[in-house]
$ cat start_36.txt   # compact mmCIF, C-alpha atoms and all ligand atoms
# COMPACT_ATOMS: atom_id res chain seq x y z
CA MET A 20 200.50 241.20 240.44
CA SER A 21 197.45 240.26 238.43
CA GLN A 22 197.73 239.34 234.78
CA PRO A 23 196.99 242.27 232.44
CA ALA A 24 194.64 241.64 229.55
CA ALA A 25 196.00 242.37 226.07
CA THR A 26 196.19 246.15 225.78
CA THR A 27 195.60 248.76 223.11
CA GLY A 28 199.40 249.10 223.08
CA ALA A 29 199.85 245.60 221.67
CA ALA A 30 196.93 246.20 219.28
CA ALA A 31 198.75 249.22 217.84
CA VAL A 32 201.76 247.13 216.81
CA SER A 33 201.89 247.21 213.01
CA GLU A 34 203.07 244.07 211.26
CA ALA A 35 203.44 246.00 207.99
CA ARG A 36 205.45 248.90 209.44
CA GLN A 37 207.78 246.57 211.30
CA TRP A 38 208.34 244.42 208.19
CA GLU A 39 208.99 247.46 206.01
CA ARG A 40 211.53 248.71 208.50
CA LEU A 41 213.25 245.34 208.71
CA MET A 42 213.48 245.19 204.92
CA ALA A 43 214.82 248.76 204.80
CA MET A 44 217.52 247.71 207.25
CA ALA A 45 218.23 244.55 205.23
CA ALA A 46 219.04 246.76 202.24
CA ILE A 47 221.88 248.38 204.22
CA GLY A 48 224.69 245.89 203.68
CA ALA A 49 222.66 243.56 201.45
CA ILE A 50 224.87 240.87 199.91
CA PRO A 51 224.42 241.09 196.15
CA GLY A 52 223.73 238.02 194.01
CA ALA A 53 220.91 235.54 193.57
CA ILE A 54 222.39 232.75 195.69
CA ARG A 55 222.87 235.01 198.65
CA GLY A 56 219.76 237.12 198.09
CA GLY A 57 218.50 238.02 201.55
CA GLY A 58 221.94 237.97 203.07
CA VAL A 59 223.34 240.95 204.95
CA ASN A 60 226.93 241.89 205.75
CA ARG A 61 226.82 244.91 208.09
CA ALA A 62 229.88 244.74 210.30
CA CYS A 63 229.99 246.80 213.47
CA LEU A 64 231.51 250.28 213.48
CA THR A 65 231.51 250.52 209.68
CA ARG A 66 229.93 253.09 207.42
CA LEU A 67 227.03 250.67 206.86
CA ASP A 68 226.49 250.32 210.61
CA ARG A 69 226.36 254.10 210.92
CA ASP A 70 223.98 254.41 207.95
CA ALA A 71 221.60 251.92 209.60
CA ARG A 72 221.79 253.79 212.89
CA ARG A 73 220.91 257.08 211.16
CA VAL A 74 217.81 255.47 209.66
CA LEU A 75 216.84 254.18 213.10
CA ILE A 76 217.38 257.62 214.62
CA GLY A 77 215.09 259.12 211.96
CA TRP A 78 212.27 256.73 212.92
CA ALA A 79 212.86 257.41 216.62
CA GLY A 80 212.49 261.13 215.93
CA GLU A 81 209.00 260.54 214.48
CA ILE A 82 207.76 259.55 217.94
CA GLY A 83 209.78 262.13 219.86
CA ALA A 84 212.23 259.64 221.40
CA THR A 85 215.51 261.13 222.58
CA VAL A 86 218.74 259.68 221.25
CA THR A 87 222.05 259.31 223.06
CA VAL A 88 225.27 257.37 222.58
CA ASP A 89 227.71 256.11 225.21
CA SER A 90 231.48 255.76 225.04
CA ALA A 91 231.21 252.13 223.83
CA GLY A 92 229.07 253.29 220.90
CA ASN A 93 225.90 251.75 222.33
CA LEU A 94 222.99 253.77 220.90
CA TRP A 95 220.02 254.60 223.14
CA LEU A 96 216.46 255.68 222.22
CA ARG A 97 214.33 256.81 225.15
CA ARG A 98 210.63 257.38 225.51
CA GLU A 99 209.96 259.40 228.63
CA GLY A 100 207.68 258.13 231.39
CA ALA A 101 205.36 259.99 233.75
CA ASP A 102 208.10 259.63 236.38
CA PRO A 103 211.32 260.51 234.50
CA GLY A 104 213.37 259.79 237.63
CA ALA A 105 212.21 256.18 237.81
CA ALA A 106 214.60 253.47 236.62
CA PRO A 107 213.81 252.81 232.95
CA VAL A 108 212.75 249.52 231.46
CA LEU A 109 215.21 248.46 228.79
CA THR A 110 214.84 246.52 225.58
CA GLY A 111 216.92 246.20 222.40
CA SER A 112 219.50 244.01 220.72
CA HIS A 113 222.19 244.62 218.07
CA MET A 114 222.40 245.96 214.51
CA ASP A 115 225.65 244.34 213.35
CA THR A 116 225.57 241.08 211.39
CA GLN A 117 227.79 238.14 210.65
CA PRO A 118 229.84 238.57 207.42
CA ASN A 119 227.41 236.19 205.73
CA GLY A 120 224.45 236.98 207.95
CA GLY A 121 220.71 237.18 207.59
CA ARG A 122 218.08 239.88 207.82
CA PHE A 123 216.79 239.29 211.35
CA ASP A 124 219.51 238.29 213.82
CA GLY A 125 219.84 241.25 216.14
CA ILE A 126 218.11 243.92 214.12
CA TYR A 127 214.74 242.34 214.90
CA GLY A 128 215.14 243.10 218.61
CA VAL A 129 216.01 246.74 217.91
CA ILE A 130 213.18 247.28 215.43
CA ALA A 131 210.75 245.41 217.71
CA GLY A 132 211.72 247.73 220.57
CA LEU A 133 211.13 250.78 218.38
CA GLU A 134 207.83 249.29 217.15
CA ALA A 135 206.71 248.80 220.76
CA LEU A 136 207.51 252.45 221.54
CA THR A 137 205.75 253.52 218.34
CA ALA A 138 202.68 251.50 219.27
CA LEU A 139 202.56 253.05 222.74
CA HIS A 140 202.96 256.49 221.17
CA LEU A 141 200.15 255.93 218.67
CA ALA A 142 197.90 254.42 221.33
CA GLY A 143 198.48 257.49 223.51
CA ILE A 144 199.76 255.41 226.42
CA THR A 145 202.10 256.97 228.95
CA THR A 146 203.99 254.55 231.16
CA ARG A 147 205.18 255.39 234.65
CA ARG A 148 208.78 254.47 233.92
CA PRO A 149 210.73 255.59 230.86
CA ILE A 150 211.38 252.88 228.28
CA GLU A 151 214.72 252.72 226.50
CA VAL A 152 215.73 250.83 223.37
CA VAL A 153 219.43 250.06 223.06
CA ALA A 154 221.42 248.99 220.01
CA TRP A 155 224.47 247.31 221.55
CA THR A 156 227.86 247.67 219.82
CA ASN A 157 229.49 244.59 218.27
CA GLU A 158 227.33 241.72 219.48
CA GLU A 159 228.44 239.40 216.70
CA GLY A 160 232.18 239.47 217.13
CA GLY A 161 232.50 238.92 213.38
CA ARG A 162 234.77 241.91 212.81
CA PHE A 163 236.30 242.33 216.27
CA ALA A 164 236.36 239.25 218.52
CA PRO A 165 234.74 238.59 220.86
CA GLY A 166 231.11 239.59 220.53
CA CYS A 167 229.04 241.48 223.09
CA MET A 168 231.72 244.13 223.60
CA GLY A 169 229.15 246.91 224.02
CA SER A 170 227.07 245.10 226.62
CA MET A 171 230.14 243.82 228.48
CA ALA A 172 231.56 247.34 228.71
CA TRP A 173 228.18 248.79 229.76
CA SER A 174 227.60 246.19 232.46
CA GLY A 175 231.12 246.43 233.86
CA CYS A 176 231.83 242.81 233.01
CA LYS A 177 234.95 244.04 231.17
CA PRO A 178 236.42 247.54 230.95
CA LEU A 179 236.08 249.08 227.48
CA ALA A 180 239.87 249.52 227.43
CA ALA A 181 240.27 245.73 227.49
CA PHE A 182 239.11 245.64 223.85
CA ALA A 183 241.26 248.51 222.57
CA GLU A 184 244.00 246.42 220.95
CA VAL A 185 241.73 243.84 219.30
CA THR A 186 242.23 244.08 215.54
CA ASP A 187 239.94 243.22 212.66
CA PRO A 188 241.14 241.10 209.69
CA ASP A 189 242.54 244.28 208.08
CA GLY A 190 244.59 245.11 211.17
CA ILE A 191 242.37 248.02 212.30
CA ARG A 192 242.32 248.41 216.11
CA PHE A 193 238.96 248.36 217.85
CA ALA A 194 239.89 251.57 219.69
CA ASP A 195 240.53 253.34 216.38
CA ALA A 196 237.33 252.09 214.76
CA LEU A 197 235.35 253.17 217.83
CA ALA A 198 237.00 256.62 217.87
CA GLU A 199 236.16 257.12 214.19
CA HIS A 200 232.61 255.98 214.84
CA LEU A 201 232.08 258.30 217.82
CA ALA A 202 233.53 261.20 215.82
CA ALA A 203 230.92 260.54 213.14
CA GLU A 204 228.20 260.63 215.82
CA VAL A 205 229.48 263.72 217.58
CA ASP A 206 226.12 265.42 216.95
CA ILE A 207 224.39 262.80 219.13
CA SER A 208 224.25 263.64 222.85
CA PRO A 209 226.68 261.56 224.89
CA ARG A 210 225.59 259.59 227.94
CA PRO A 211 227.60 257.82 230.65
CA LEU A 212 228.42 254.16 230.27
CA GLY A 213 226.28 252.06 232.61
CA HIS A 214 223.14 252.56 234.68
CA VAL A 215 220.72 250.29 236.53
CA PRO A 216 217.46 249.72 234.65
CA HIS A 217 214.37 248.31 236.32
CA ALA A 218 214.51 245.31 233.95
CA TYR A 219 215.74 244.25 230.49
CA VAL A 220 213.88 242.18 227.92
CA GLU A 221 215.35 241.36 224.51
CA ALA A 222 213.40 240.04 221.52
CA HIS A 223 215.27 237.81 219.06
CA ILE A 224 214.68 235.13 216.47
CA GLU A 225 215.27 231.71 217.99
CA GLN A 226 218.12 230.72 215.62
CA GLY A 227 217.23 227.07 216.22
CA PRO A 228 214.39 224.72 215.25
CA ILE A 229 212.67 224.08 218.60
CA LEU A 230 209.74 226.50 218.26
CA GLU A 231 209.03 225.60 214.65
CA ASN A 232 209.18 221.87 215.39
CA GLY A 233 206.96 222.35 218.42
CA GLY A 234 204.47 224.52 216.52
CA LYS A 235 204.85 227.37 219.04
CA ASP A 236 204.48 231.09 218.40
CA ILE A 237 206.66 232.33 221.23
CA GLY A 238 209.71 231.13 223.10
CA VAL A 239 209.86 232.12 226.75
CA VAL A 240 213.62 232.03 227.20
CA SER A 241 214.74 230.52 230.48
CA GLY A 242 218.46 231.30 230.20
CA ILE A 243 221.55 231.10 227.98
CA GLN A 244 224.19 228.38 227.84
CA GLY A 245 227.83 229.23 228.50
CA SER A 246 230.34 230.07 225.76
CA ARG A 247 234.12 230.21 225.67
CA TRP A 248 236.19 231.39 222.70
CA PHE A 249 239.87 230.68 222.18
CA THR A 250 242.45 231.46 219.53
CA VAL A 251 245.16 228.83 219.01
CA THR A 252 248.31 229.96 217.21
CA LEU A 253 250.80 227.35 216.02
CA THR A 254 254.22 228.45 214.83
CA GLY A 255 256.44 226.27 212.64
CA GLU A 256 258.94 227.09 209.90
CA THR A 257 258.32 227.80 206.25
CA ALA A 258 260.16 225.66 203.72
CA HIS A 259 260.13 224.57 200.06
CA ALA A 260 257.30 222.14 199.33
CA GLY A 261 259.25 220.30 196.65
CA THR A 262 262.58 219.81 198.35
CA THR A 263 262.11 219.63 202.11
CA PRO A 264 261.76 216.05 203.44
CA LEU A 265 258.62 215.60 205.57
CA ALA A 266 260.72 214.51 208.53
CA ALA A 267 262.66 217.78 208.42
CA ARG A 268 259.63 220.05 208.41
CA ARG A 269 257.97 222.06 211.15
CA ASP A 270 254.64 222.27 209.36
CA ALA A 271 252.10 224.41 211.20
CA VAL A 272 249.16 223.14 209.13
CA GLN A 273 249.91 219.48 209.85
CA ASP A 274 250.09 220.32 213.55
CA MET A 275 246.79 222.18 213.28
CA VAL A 276 245.20 219.05 211.84
CA ARG A 277 246.58 217.01 214.77
CA ALA A 278 245.37 219.61 217.26
CA ILE A 279 241.84 219.79 215.85
CA ALA A 280 241.57 215.98 215.79
CA ALA A 281 242.61 215.84 219.45
CA LEU A 282 240.14 218.60 220.34
CA ASN A 283 237.33 216.73 218.61
CA ALA A 284 238.11 213.80 220.92
CA LEU A 285 238.16 216.11 223.97
CA MET A 286 234.82 217.60 222.98
CA HIS A 287 233.13 214.31 222.10
CA ASP A 288 229.64 214.24 223.58
CA PRO A 289 227.39 211.24 222.87
CA ASP A 290 224.36 213.30 223.98
CA ASP A 291 225.13 216.04 221.40
CA VAL A 292 224.60 218.82 223.93
CA LEU A 293 228.10 220.23 223.69
CA ARG A 294 228.86 222.63 220.83
CA PHE A 295 232.40 222.80 219.41
CA THR A 296 233.25 224.86 216.31
CA VAL A 297 236.46 225.75 214.50
CA GLY A 298 235.17 228.51 212.24
CA ARG A 299 238.15 230.65 211.31
CA ILE A 300 241.58 229.51 210.14
CA VAL A 301 244.45 231.75 209.10
CA VAL A 302 247.49 230.19 207.46
CA GLU A 303 250.77 231.92 206.56
CA PRO A 304 252.32 232.36 204.11
CA ASN A 305 249.19 230.77 202.56
CA THR A 306 250.76 229.63 199.35
CA SER A 307 250.48 226.15 197.85
CA ASN A 308 254.16 225.37 197.44
CA SER A 309 255.50 226.54 200.79
CA VAL A 310 255.20 224.74 204.13
CA ALA A 311 253.14 226.92 206.49
CA ASP A 312 255.05 228.58 209.29
CA LYS A 313 251.92 229.81 211.03
CA ALA A 314 248.42 228.43 211.47
CA SER A 315 245.93 229.96 213.82
CA PHE A 316 242.37 228.85 214.40
CA THR A 317 239.45 229.88 216.57
CA ILE A 318 237.49 227.69 218.96
CA ASP A 319 233.86 228.42 219.85
CA PHE A 320 232.91 226.04 222.67
CA ARG A 321 229.51 226.07 224.42
CA HIS A 322 227.73 224.07 227.08
CA PRO A 323 224.81 224.72 229.43
CA ASP A 324 226.59 223.11 232.40
CA LYS A 325 229.15 225.40 234.01
CA ALA A 326 231.21 222.45 235.29
CA VAL A 327 231.58 220.98 231.79
CA LEU A 328 232.30 224.40 230.31
CA LEU A 329 235.07 225.04 232.80
CA ALA A 330 236.61 221.55 232.84
CA ARG A 331 236.79 220.98 229.08
CA GLY A 332 237.64 224.60 228.28
CA ASP A 333 240.50 224.51 230.78
CA ALA A 334 241.80 221.30 229.17
CA ILE A 335 242.12 222.80 225.68
CA GLU A 336 245.67 224.11 226.00
CA ASP A 337 247.13 220.87 227.34
CA VAL A 338 245.33 218.83 224.68
CA VAL A 339 246.73 221.03 221.91
CA ARG A 340 250.26 220.90 223.34
CA ALA A 341 250.12 217.11 223.60
CA ALA A 342 248.81 216.76 220.04
CA VAL A 343 251.27 218.89 218.08
CA ARG A 344 254.58 217.46 216.90
CA ASP A 345 256.78 220.44 216.13
CA ALA A 346 254.98 223.76 216.36
CA GLY A 347 255.16 226.34 219.09
CA VAL A 348 251.76 226.76 220.77
CA VAL A 349 249.99 229.85 222.11
CA VAL A 350 246.39 229.51 223.33
CA THR A 351 244.49 232.69 224.20
CA GLU A 352 240.99 232.81 225.67
CA THR A 353 239.07 235.70 224.12
CA PHE A 354 235.54 235.20 225.49
CA HIS A 355 234.26 233.70 228.72
CA ALA A 356 230.51 233.79 229.28
CA LEU A 357 229.15 231.51 231.99
CA PRO A 358 225.64 230.06 231.65
CA VAL A 359 222.87 232.32 233.02
CA GLU A 360 219.32 231.82 234.24
CA PHE A 361 216.84 234.60 233.53
CA HIS A 362 214.87 236.35 236.28
CA PRO A 363 211.48 234.84 237.23
CA MET A 364 209.88 238.30 237.13
CA VAL A 365 210.74 238.78 233.45
CA VAL A 366 210.27 235.13 232.45
CA GLY A 367 206.83 235.19 234.11
CA ALA A 368 205.90 238.47 232.42
CA VAL A 369 206.78 237.05 228.99
CA GLU A 370 204.83 233.87 229.64
CA GLU A 371 201.78 235.73 230.88
CA ALA A 372 201.84 238.24 228.03
CA ALA A 373 201.98 235.44 225.45
CA GLY A 374 199.06 233.78 227.19
CA ALA A 375 197.05 237.03 227.33
CA LEU A 376 197.56 237.46 223.59
CA GLY A 377 196.39 233.90 222.89
CA LEU A 378 199.79 232.85 221.53
CA SER A 379 201.14 229.35 221.99
CA HIS A 380 204.39 229.35 223.90
CA MET A 381 207.02 227.23 225.58
CA ARG A 382 210.04 227.72 227.78
CA LEU A 383 213.41 227.01 226.23
CA PRO A 384 217.06 227.89 226.82
CA SER A 385 219.13 229.83 224.30
CA GLY A 386 221.99 228.09 222.51
CA ALA A 387 223.17 231.39 221.03
CA PHE A 388 224.70 234.02 223.28
CA HIS A 389 223.10 237.43 223.47
CA ASP A 390 223.78 240.79 225.07
CA ALA A 391 221.13 239.80 227.63
CA GLN A 392 223.73 237.40 229.08
CA PHE A 393 225.74 240.38 230.30
CA VAL A 394 222.74 242.35 231.55
CA VAL A 395 221.80 239.55 233.98
CA PRO A 396 224.12 240.76 236.77
CA VAL A 397 222.76 244.32 236.45
CA CYS A 398 218.97 243.94 236.57
CA PRO A 399 216.16 241.36 236.14
CA THR A 400 216.52 240.11 232.58
CA GLY A 401 214.72 237.89 230.10
CA MET A 402 214.22 237.24 226.39
CA ILE A 403 211.43 236.58 223.90
CA PHE A 404 212.09 234.24 220.96
CA VAL A 405 210.11 233.96 217.75
CA PRO A 406 210.45 230.98 215.39
CA CYS A 407 212.69 231.11 212.35
CA ARG A 408 212.41 228.83 209.34
CA LYS A 409 214.16 225.49 209.84
CA GLY A 410 216.14 227.11 212.63
CA ILE A 411 218.55 228.56 210.07
CA SER A 412 220.64 231.54 211.24
CA HIS A 413 224.07 233.08 210.60
CA ASN A 414 223.12 232.33 207.01
CA PRO A 415 221.56 234.48 204.25
CA ALA A 416 218.59 232.07 204.20
CA GLU A 417 217.56 233.14 207.72
CA TYR A 418 213.81 233.88 207.67
CA SER A 419 210.89 234.58 209.98
CA GLU A 420 207.44 235.45 208.74
CA PRO A 421 206.13 238.99 209.22
CA GLY A 422 203.31 237.62 211.38
CA GLN A 423 205.67 235.66 213.60
CA LEU A 424 207.81 238.74 214.12
CA ALA A 425 204.77 240.89 214.86
CA ALA A 426 203.52 238.38 217.43
CA GLY A 427 206.84 238.62 219.24
CA THR A 428 206.61 242.40 219.21
CA ARG A 429 203.09 242.32 220.65
CA VAL A 430 204.41 240.20 223.50
CA LEU A 431 207.30 242.61 223.94
CA THR A 432 204.91 245.57 224.06
CA GLU A 433 202.80 243.90 226.75
CA VAL A 434 205.86 243.03 228.80
CA LEU A 435 207.30 246.53 228.54
CA LEU A 436 203.97 248.04 229.53
CA ARG A 437 203.69 245.81 232.54
CA LEU A 438 207.25 246.36 233.72
CA ALA A 439 207.13 250.09 233.03
CA ASN A 440 204.04 250.55 235.17
CA GLU A 441 205.46 248.74 238.20
C1 LIG B 1 225.72 235.03 218.58
O1 LIG B 1 225.82 235.57 217.50
C2 LIG B 1 226.21 233.71 218.81
O2 LIG B 1 227.17 233.30 218.12
O3 LIG B 1 225.63 232.99 219.63
MN MN B 2 221.91 238.09 217.64
MN MN B 3 224.39 236.33 215.64

$ encode --input "start_36.txt" --output "structure tokens"
Amino acid sequence: MSQPAATTGAAAVSEARQWERLMAMAAIGAIPGAIRGGGVNRACLTRLDRDARRVLIGWAGEIGATVTVDSAGNLWLRREGADPGAAPVLTGSHMDTQPNGGRFDGIYGVIAGLEALTALHLAGITTRRPIEVVAWTNEEGGRFAPGCMGSMAWSGCKPLAAFAEVTDPDGIRFADALAEHLAAEVDISPRPLGHVPHAYVEAHIEQGPILENGGKDIGVVSGIQGSRWFTVTLTGETAHAGTTPLAARRDAVQDMVRAIAALNALMHDPDDVLRFTVGRIVVEPNTSNSVADKASFTIDFRHPDKAVLLARGDAIEDVVRAAVRDAGVVVTETFHALPVEFHPMVVGAVEEAAGALGLSHMRLPSGAFHDAQFVVPVCPTGMIFVPCRKGISHNPAEYSEPGQLAAGTRVLTEVLLRLANE
């Protein structure tokens, strides 16, 4: 296929409208206070999540897009094509945030998708294929672990029922939160879970420093590294902190310290490619003058090489068991996402669109996981990255300039146009 020149569709993308919409979304769940100004806490399947979705639905209505929701709570906006029976081209991302998140992670891809549809609408362009924008449920995994539940359920990677018993920090079951959410959206037409789009392309901030350091406008994402999540629960015995000799204790916190030290040794990587994070620790009874009888901690482990991901991930349980002195050990794997390569058709379309728009670009892999990882087995998939300041993300200071975000959306519009006219 020959390279399209930049179209009137991309020219109709409005930097101002997109920025205003992003800032309107950032107000829904804004974290108050000067230090965290700019931060957003909009957990999935909460009232705030629903409020944001209603605002999105209002904007979709302005361009006549139809709105549906599936049984995983994934929200779909659809702009019809000249051939409504043709497989749609899909774009989108997620609207939930980390508890201490920023204004762009996820929501940018949803608003960019809507902006692309709005630009096509205003430019009077009809594509052959329909174009759909999806807001996937629970990408972050901040409230219910793991992330990407909506896209995993949609793609068939995991049945929705597999997540039912996951609880949030308040003990609320995922199944109950989803039921409450779907009841609140009962006025939105339901759609079946899963279909086969022609292609999927997701726009996202990079969440790392490579584009900014390289002075590039656009990241042409080549694939996503693998991720595995685990929860380690250590059980000891609670006792009086003032009277119980150290030798007589079964102290879950001391065993957690031993376990994490041993895991740091397992995960040592002189090349600094491997990513290993202990980000959540729960201690019981969590009081200063009692020995802890329970300590549980999460592991987020990532690597681009499947062999390393499998070998070191599989070693975690034995390493923990060998490291602890007294505690009982339970290790549960909660997330298993192998590395993926994106499809040459979509990667090429992103690269060519960036070139046609005169934007500097480079190929790079994603260190963050994304819903796109789970769309790969379903249809040709790719992603567009835009730079973010100092690579900061999962942090209230997360920032991309309006112009950088608009450039990414122009590329997205070109790519959607091209794929939707195939
Ligand atoms: C996504 O939020 C990730 O943690 O990579
Ligand atoms: Mn994200
Ligand atoms: Mn994120």

$ atom_distance --input "start_36.txt" --atom1 "CA of Glu221 in chain A" --atom2 "CA of Asp390 in chain A"
8.5 Å

$ residues_near_point --input "start_36.txt" --point "(223.7, 227.8, 221.7)" --cutoff "7 Å" --atoms "only C-alpha atoms" --output "MDAnalysis selection string"
chainID A and resid 244 321 385:388

$ write_last_selection --input "start_36.txt" --atoms "C-alpha atoms" --output "PDB file, in the frame of the given file"
ATOM      1  CA  GLN A 244     224.190 228.380 227.840  1.00  0.00           C
ATOM      2  CA  ARG A 321     229.510 226.070 224.420  1.00  0.00           C
ATOM      3  CA  SER A 385     219.130 229.830 224.300  1.00  0.00           C
ATOM      4  CA  GLY A 386     221.990 228.090 222.510  1.00  0.00           C
ATOM      5  CA  ALA A 387     223.170 231.390 221.030  1.00  0.00           C
ATOM      6  CA  PHE A 388     224.700 234.020 223.280  1.00  0.00           C
TER       7      PHE A 388
END

$ residues_around --input "start_36.txt" --residues "Leu253 in chain A" --least-positions-apart "4" --cutoff "7 Å" --atoms "all atoms listed in the file" --output "PyMOL selection string"
chain A and resi 271+313-315+346-349

$ residues_near_ligand --input "start_36.txt" --ligand "ligand MN 3 (chain B)" --cutoff "12 Å" --atoms "only C-alpha atoms and all ligand atoms" --output "PyMOL selection string"
chain A and resi 59-62+112-128+157-161+165-167+223-227+386-390+411-415+417

$ residues_around --input "start_36.txt" --residues "Asp206 in chain A" --least-positions-apart "2" --cutoff "12 Å" --atoms "only C-alpha atoms" --output "JSON list (two decimals) with C-alpha atoms, keeping the file's coordinate frame"
[["chain", "number", "residue", "atom", "x", "y", "z"],
["A", 73, "ARG", "CA", 220.91, 257.08, 211.16],
["A", 76, "ILE", "CA", 217.38, 257.62, 214.62],
["A", 86, "VAL", "CA", 218.74, 259.68, 221.25],
["A", 87, "THR", "CA", 222.05, 259.31, 223.06],
["A", 88, "VAL", "CA", 225.27, 257.37, 222.58],
["A", 200, "HIS", "CA", 232.61, 255.98, 214.84],
["A", 201, "LEU", "CA", 232.08, 258.30, 217.82],
["A", 202, "ALA", "CA", 233.53, 261.20, 215.82],
["A", 203, "ALA", "CA", 230.92, 260.54, 213.14],
["A", 204, "GLU", "CA", 228.20, 260.63, 215.82],
["A", 208, "SER", "CA", 224.25, 263.64, 222.85],
["A", 209, "PRO", "CA", 226.68, 261.56, 224.89]]

$ atom_distance --input "start_36.txt" --atom1 "CA of Arg97 in chain A" --atom2 "CA of Val434 in chain A"
16.6 Å

$ residues_near_point --input "start_36.txt" --point "(215.9, 255.4, 213.9)" --cutoff "12 Å" --atoms "all atoms listed in the file" --output "number ranges by chain"
A: 40-41, 43-44, 69-87, 94-97, 114, 126, 129-134, 136-137, 152-154

$ atom_distance --input "start_36.txt" --atom1 "CA of Thr428 in chain A" --atom2 "atom O1 of ligand LIG 1 (chain B)"
20.5 Å

$ closest_residue --input "start_36.txt" --among "A:Val239, A:Ile335, A:Cys407, A:Val251" --to "Glu371 in chain A" --atoms "all atoms listed in the file"
A:Val239

$ closest_residue --input "start_36.txt" --among "A:Thr353, A:Ser241, A:Gln37, A:Gln392" --to "ligand MN 2 (chain B)" --atoms "only C-alpha atoms and all ligand atoms"
A:Gln392

$ residues_around --input "start_36.txt" --residues "Pro228 in chain A" --least-positions-apart "3" --cutoff "6 Å" --atoms "only C-alpha atoms" --output "short mmCIF file (atom, residue, chain, number, x, y, z; two decimals) with C-alpha atoms, in the coordinates of the input"
data_model
loop_
_atom_site.label_atom_id
_atom_site.label_comp_id
_atom_site.auth_asym_id
_atom_site.auth_seq_id
_atom_site.Cartn_x
_atom_site.Cartn_y
_atom_site.Cartn_z
CA GLU A 231 209.03 225.60 214.65
CA ASN A 232 209.18 221.87 215.39
CA LYS A 409 214.16 225.49 209.84
CA GLY A 410 216.14 227.11 212.63
#

$ decode --input "start_36.txt" --residues "range 266-277 of chain A" --atoms "N, CA, C and O atoms" --output "short mmCIF file (atom, residue, chain, number, x, y, z; two decimals), in the first residue's frame"
data_model
loop_
_atom_site.label_atom_id
_atom_site.label_comp_id
_atom_site.auth_asym_id
_atom_site.auth_seq_id
_atom_site.Cartn_x
_atom_site.Cartn_y
_atom_site.Cartn_z
N ALA A 266 14.61 -15.27 70.17
CA ALA A 266 14.78 -16.66 69.72
C ALA A 266 13.45 -17.43 69.77
O ALA A 266 13.29 -18.43 69.08
N ALA A 267 12.51 -16.92 70.57
CA ALA A 267 11.24 -17.64 70.71
C ALA A 267 10.17 -17.13 69.75
O ALA A 267 9.04 -17.61 69.76
N ARG A 268 10.51 -16.15 68.96
CA ARG A 268 9.48 -15.52 68.10
C ARG A 268 9.35 -16.23 66.75
O ARG A 268 10.31 -16.79 66.23
N ARG A 269 8.14 -16.09 66.20
CA ARG A 269 7.94 -16.41 64.77
C ARG A 269 7.46 -15.09 64.15
O ARG A 269 6.27 -14.84 64.02
N ASP A 270 8.42 -14.27 63.80
CA ASP A 270 8.15 -12.87 63.43
C ASP A 270 8.02 -12.76 61.90
O ASP A 270 9.00 -12.89 61.16
N ALA A 271 6.82 -12.50 61.45
CA ALA A 271 6.56 -12.48 60.00
C ALA A 271 7.29 -11.32 59.31
O ALA A 271 7.72 -11.46 58.15
N VAL A 272 7.45 -10.20 60.00
CA VAL A 272 8.15 -9.07 59.37
C VAL A 272 9.63 -9.38 59.18
O VAL A 272 10.21 -9.08 58.13
N GLN A 273 10.26 -9.98 60.20
CA GLN A 273 11.68 -10.32 60.04
C GLN A 273 11.87 -11.31 58.90
O GLN A 273 12.83 -11.21 58.13
N ASP A 274 10.94 -12.24 58.76
CA ASP A 274 11.05 -13.18 57.64
C ASP A 274 10.79 -12.49 56.30
O ASP A 274 11.38 -12.85 55.29
N MET A 275 9.93 -11.48 56.31
CA MET A 275 9.72 -10.72 55.06
C MET A 275 11.01 -10.01 54.65
O MET A 275 11.36 -9.99 53.46
N VAL A 276 11.71 -9.46 55.63
CA VAL A 276 12.97 -8.78 55.33
C VAL A 276 13.97 -9.78 54.73
O VAL A 276 14.63 -9.50 53.72
N ARG A 277 14.04 -10.98 55.32
CA ARG A 277 14.94 -12.01 54.77
C ARG A 277 14.53 -12.39 53.34
O ARG A 277 15.37 -12.55 52.45
#
